[in-house]
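Q: First, the structure itself, so that you have it in front of you.
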Amino acid sequence: MKSAYVTLGVPGNARLEDIQEAYQKALGYFSKEKLAADPSLFARLDEVKDAYKVLSDPDSRQAHDRKITGYVSPKVIRVVEPATAASTGSNFLLKFMVLMCIAILMTWGFVSHQHEEARKTREAKEAQELALKKEEAEKAAKAERDAADAQAKRDAANALAARNEQQLRTESSQVAQRAQIVEAAQQYVRDSRDRQDKAAAANERQQAANAAAQRAAADQRAIRNLCIINTGRPNC
């Protein structure tokens with residue numbers, strides 16, 4: 001049977017105030033963070049609560065003390081009362097030795113339990129520190145991966161922006177070239193029309209001049225014929 005005194009870490013003659021103080025300290029040890037990090041501590045917390053229930057009630061504490069005494073006493077040599085009254089002194093000495101053995105065994109059990117609890121506490125603390133370091137390492141690795149991903153996204157966005165800008169410049173250049181070609185073609189058409197118009201105007205002027213010359217020649221012939229008819233001479 002496990003002693004409630006050992007569970008709370010108080011001596012067998014502890015006062016109720018000492019028991020309450022030890023219980024509050026134990027509750028402070030089992031914080032939410034520790035319970036979340038190590039679920040096995042719930043069992044220890046239940047043991048502490050049960051031990052406090054036993055030791056905080058006088059009747060249950062007396063029953064517990066009787067059980068502890070009955071649990072320890074079989075480990076020591078049972079003393080058989082002598083049949084004669086002459087051995088009263090030896091009997092008292094034997095009883096004293098038995099009580100000393102019981103006290104030593106209880107003290108040894110308490111110390112062993114304290115050492116075991118200290119070891120468990122140390123291992124739990126080391127496990128918690130290891131878990132914390134692992135969590136910090138995972139967070140650092142995740143932060144590094146996130147930073148690398150963000151940088152990769154920025155590089156990809158910059159590359160895409162550069163490609164879009166280059167494509168825009170190329171398209172703008174092509175549009176400008178096409179505009180120049182269209183403008184040149186339109187200018188060529190305009191120049192051709194101007195040349196045609198000038199040629200047509202020159203042809204019209206030439207035709208008008210030829211017509212005028214023909215009319216003048218016809219008029220001269222008519223005058224000459226009239227002169228011949230009237231005067232018999234070509235020139236009047």
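Just so we're on the same page: first chain in the structure tokens is A, next is B, and so on; residues restart at 1 for each chain, and ligands are numbered from 1 in the order they show up.
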Applying 8 Å and only C-alpha atoms, which residues near A:Ala22 remain after dropping the ones on its own chain fewer than 4 positions away? List them as an NGL selection string.
A: :A and (8-10 or 18 or 26)
Q: For the residues selected in the previous step, produce a file with N, CA and C atoms as a JSON list (two decimals), in the first residue's frame.
A:
```
[["chain", "number", "residue", "atom", "x", "y", "z"],
["A", 8, "LEU", "N", 2.06, 13.04, -0.63],
["A", 8, "LEU", "CA", 2.08, 14.49, -0.43],
["A", 8, "LEU", "C", 3.43, 15.02, 0.01],
["A", 9, "GLY", "N", 4.31, 14.11, 0.46],
["A", 9, "GLY", "CA", 5.64, 14.54, 0.90],
["A", 9, "GLY", "C", 5.63, 15.20, 2.26],
["A", 10, "VAL", "N", 4.82, 14.67, 3.19],
["A", 10, "VAL", "CA", 4.75, 15.22, 4.55],
["A", 10, "VAL", "C", 5.07, 14.09, 5.53],
["A", 18, "ASP", "N", -0.01, 21.81, 7.53],
["A", 18, "ASP", "CA", 1.10, 21.34, 6.70],
["A", 18, "ASP", "C", 0.59, 20.53, 5.52],
["A", 26, "ALA", "N", 1.53, 21.04, -4.41],
["A", 26, "ALA", "CA", 1.42, 19.98, -5.42],
["A", 26, "ALA", "C", 0.52, 20.41, -6.57]]
```
Q: Which residue gives the smallest distance to A:Gly28 among A:Leu45, A:Ala4, A:Ala63, A:Phe96, with only C-alpha atoms counted?
A: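 Among the listed residues, A:Leu45 lies closest to A:Gly28.
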Q: What's the 12 Å shell around A:Asp46, counting only C-alpha atoms, without same-chain residues fewer than 5 positions away, as a PyMOL selection string?
A: chain A and resi 4+7-8+23+26-27+30+40-41+51-53
Q: May I ask which of the residues A:Glu126, A:Ser56, A:Val98, A:Leu16 is the closest one to A:Asp38, counting only C-alpha atoms?
A: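 Under the stated criterion, the closest residue is A:Glu126.
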